[in-house]
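Below is one structure; the comments refer to it alone.
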Amino acid sequence: MGCDVSHAQQVTVLGATGSIGLSTLDVIARHPEQYQVFALSGFSRIDELLGLCVQHRPVCAVVPDEAAAARLRQGLATAQVGVEVLVGEAGLCQVASAPEVDTVMAAIVGAAGLRPTLAAVEAGKKVLLANKEALVMSGALFMQAVQRSGAVLLPIDSEHNAIFQCLPADYGRGLEAVGVRRILLTASGGPFRELSAEALHDVTPEQACAHPNWSMGRKISVDSASMMNKGLELIEACWLFDAPPSKVEVVVHPQSVIHSLVDYVDGSVLAQLGNPDMRTPIAHALAWPRRIASGVAPLDLFAIARLDFQTPDDQRFPCLRLAREAAQAGGSAPATLNAANEIAVEAFLQGRIRFPEIARIIAQVLEQQPVEPVASLEAVFEADRRARELSRHWLERQGR
Ligand code: NAD
Ligand code: MG
């Protein structure tokens, strides 16, 4: 009585078997008194998900279909671990919004994460947002839902986490009101930063996935190589910080040590630095407004020795320009851009198209699909569906 029995935060990790999911579980395992895993989800790596269940003992696990559920249940029974297995998008939404849950890590890749992430937002959870595609697709609706429910939205994308750390606590009053001149969004430039336009024609999925600084899932790795990742992040920043696209400038910084900067009217520029390891933004968001250890090595500035900055090249990397145009167009344009990109990246990873064709497909689809207002989630999914269809037609027409 009267004593402070602070309970451990119950955390749902959507996309637990992925790169961000595993980094999240690594941080959580360092602080067992403060965080407990309530639910984990996996999609194709069911055996890995079983291993994570055995290790982290969640209450629930979510898999895509009944076949995966049967396999997971069998494995859990053999291991004598009691976990409730749920199925499909309904299962994801359930564990994202369950009353027991305090915090949701939204780390599913792509449009597949939109409904579960929104379910967490609508339930007023603390939402750790890695799934940038969800916000890109449905920005206005997403941010309205955050306002309505009182959810606490914390960015996991390293750049947005850095910007968040460099902004004052009351930035919600408006960037101008808090004296921000512009946001400087850093980009590594990806593995092909120095390649000529001709050389880009022949790059392989394996080369695209070998990022010089970050180890990530395959889709975001290709996005980093094409600079579409920075384009999606530009749109993400506009929504998170209520900034017009013109206030967000992209700066290529090959070392990925500065994770982004905020430029103030008095000439001060604040930056957040750190080793390129996602456990830093994950630990920051998990513990916010406190700080916890993440397992990331201290930054060795003497070893880094120098930091370089360059302007992005729109000619070789048109995806960034396409994303900026979609941000300016608003409405359904970002959802169209995202969907066309998802299809194009998948086709590239399957070896069906050349790397420069990713941007070509997206440009075509953006041209063909009119920009419409998106007043409902249905309208967002309709734009997404039609853009995927147009992208597939493009592939068919090219005989891919
Ligand atoms: P990943 O491919 O390693 O993992 C993706 C996860 O999503 C896996 O757990 C997979 O099972 C799940 N998944 C895939 N398709 C699904 C579907 N249709 N339905 C349900 N679940 C599905 O990806 P990642 O690198 O961890 O990235 C996850 C998200 O975080 C992406 O939106 C990415 O842009 C963002 N992000 C990642 C990094 C990074 O360093 N990896 C950095 C910033 C942002
Ligand atoms: Mg990023």
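Residues in the structure tokens are numbered from 1 in each chain, the chains being A, B, ... in the order shown, and ligands are numbered from 1 in the order shown.
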
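Contacts with ligand 1 are defined as any residue atom within 6 Å of a ligand atom, using only C-alpha atoms and all ligand atoms; the residues meeting this criterion are A:Gly15, A:Ala16, A:Thr17, A:Gly18, A:Ser19, A:Ile20, A:Gly21, A:Gly42, A:Phe43, A:Ser44, A:Ala107, A:Ile108, A:Val109, A:Gly110, A:Ala112, A:Ala130, A:Asn131, A:Lys132, A:Glu133, A:Asp157, A:Met216, A:Gly217, A:Arg218, A:Ile220, A:Met278.
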
Residue list (alpha helix (DSSP H), DSSP) for stretch 143-173 of chain A, as an MDAnalysis selection string: chainID A and resid 143:149 158:166

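The interatomic distance for the pair atom CA of A:Gly150 and atom CA of A:Arg57 works out to 29.4 Å.
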
DSSP strand (DSSP E or B) selection over stretch 99-239 of chain A, as a VMD selection string: chain A and resid 103 to 106 126 to 129 152 to 155 180 to 187

Go ahead and write the residues just picked, C-alpha atoms, as an mmCIF file, in the first residue's frame.
```cif
data_model
loop_
_atom_site.group_PDB
_atom_site.id
_atom_site.type_symbol
_atom_site.label_atom_id
_atom_site.label_comp_id
_atom_site.auth_asym_id
_atom_site.auth_seq_id
_atom_site.Cartn_x
_atom_site.Cartn_y
_atom_site.Cartn_z
ATOM 1 C CA THR A 103 3.236 -0.765 -26.421
ATOM 2 C CA VAL A 104 3.103 -1.969 -30.022
ATOM 3 C CA MET A 105 6.172 -2.220 -32.233
ATOM 4 C CA ALA A 106 4.798 -1.856 -35.785
ATOM 5 C CA LYS A 126 2.144 3.659 -27.429
ATOM 6 C CA VAL A 127 2.986 2.907 -31.065
ATOM 7 C CA LEU A 128 6.602 2.484 -32.134
ATOM 8 C CA LEU A 129 6.406 3.074 -35.880
ATOM 9 C CA VAL A 152 1.651 8.116 -28.402
ATOM 10 C CA LEU A 153 3.378 7.800 -31.768
ATOM 11 C CA LEU A 154 7.157 7.406 -31.606
ATOM 12 C CA PRO A 155 9.259 7.114 -34.780
ATOM 13 C CA VAL A 180 12.378 25.454 -36.984
ATOM 14 C CA ARG A 181 13.601 26.646 -40.377
ATOM 15 C CA ARG A 182 13.869 23.225 -41.992
ATOM 16 C CA ILE A 183 14.462 19.560 -41.405
ATOM 17 C CA LEU A 184 17.603 18.003 -42.862
ATOM 18 C CA LEU A 185 16.928 14.349 -43.623
ATOM 19 C CA THR A 186 20.141 12.395 -44.074
ATOM 20 C CA ALA A 187 20.546 9.545 -46.575
#
```

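The residue set within 12 Å of A:Leu395, counting only C-alpha atoms and dropping same-chain residues fewer than 5 places from it, reads Ala340, Ile343, Ala344, Val345, Glu346, Ala347, Phe348, Arg352, Ile353, Arg354, Glu357, Ile358, Arg360, Ile361, Ile362, Gln364, Val365, Arg388, Glu389, Leu390 and Arg400 of chain A.
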
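Distances from A:Leu232, A:Val62, A:Val265, A:Ala303 to ligand 2 were compared using only C-alpha atoms and all ligand atoms, and the smallest one belongs to A:Leu232.
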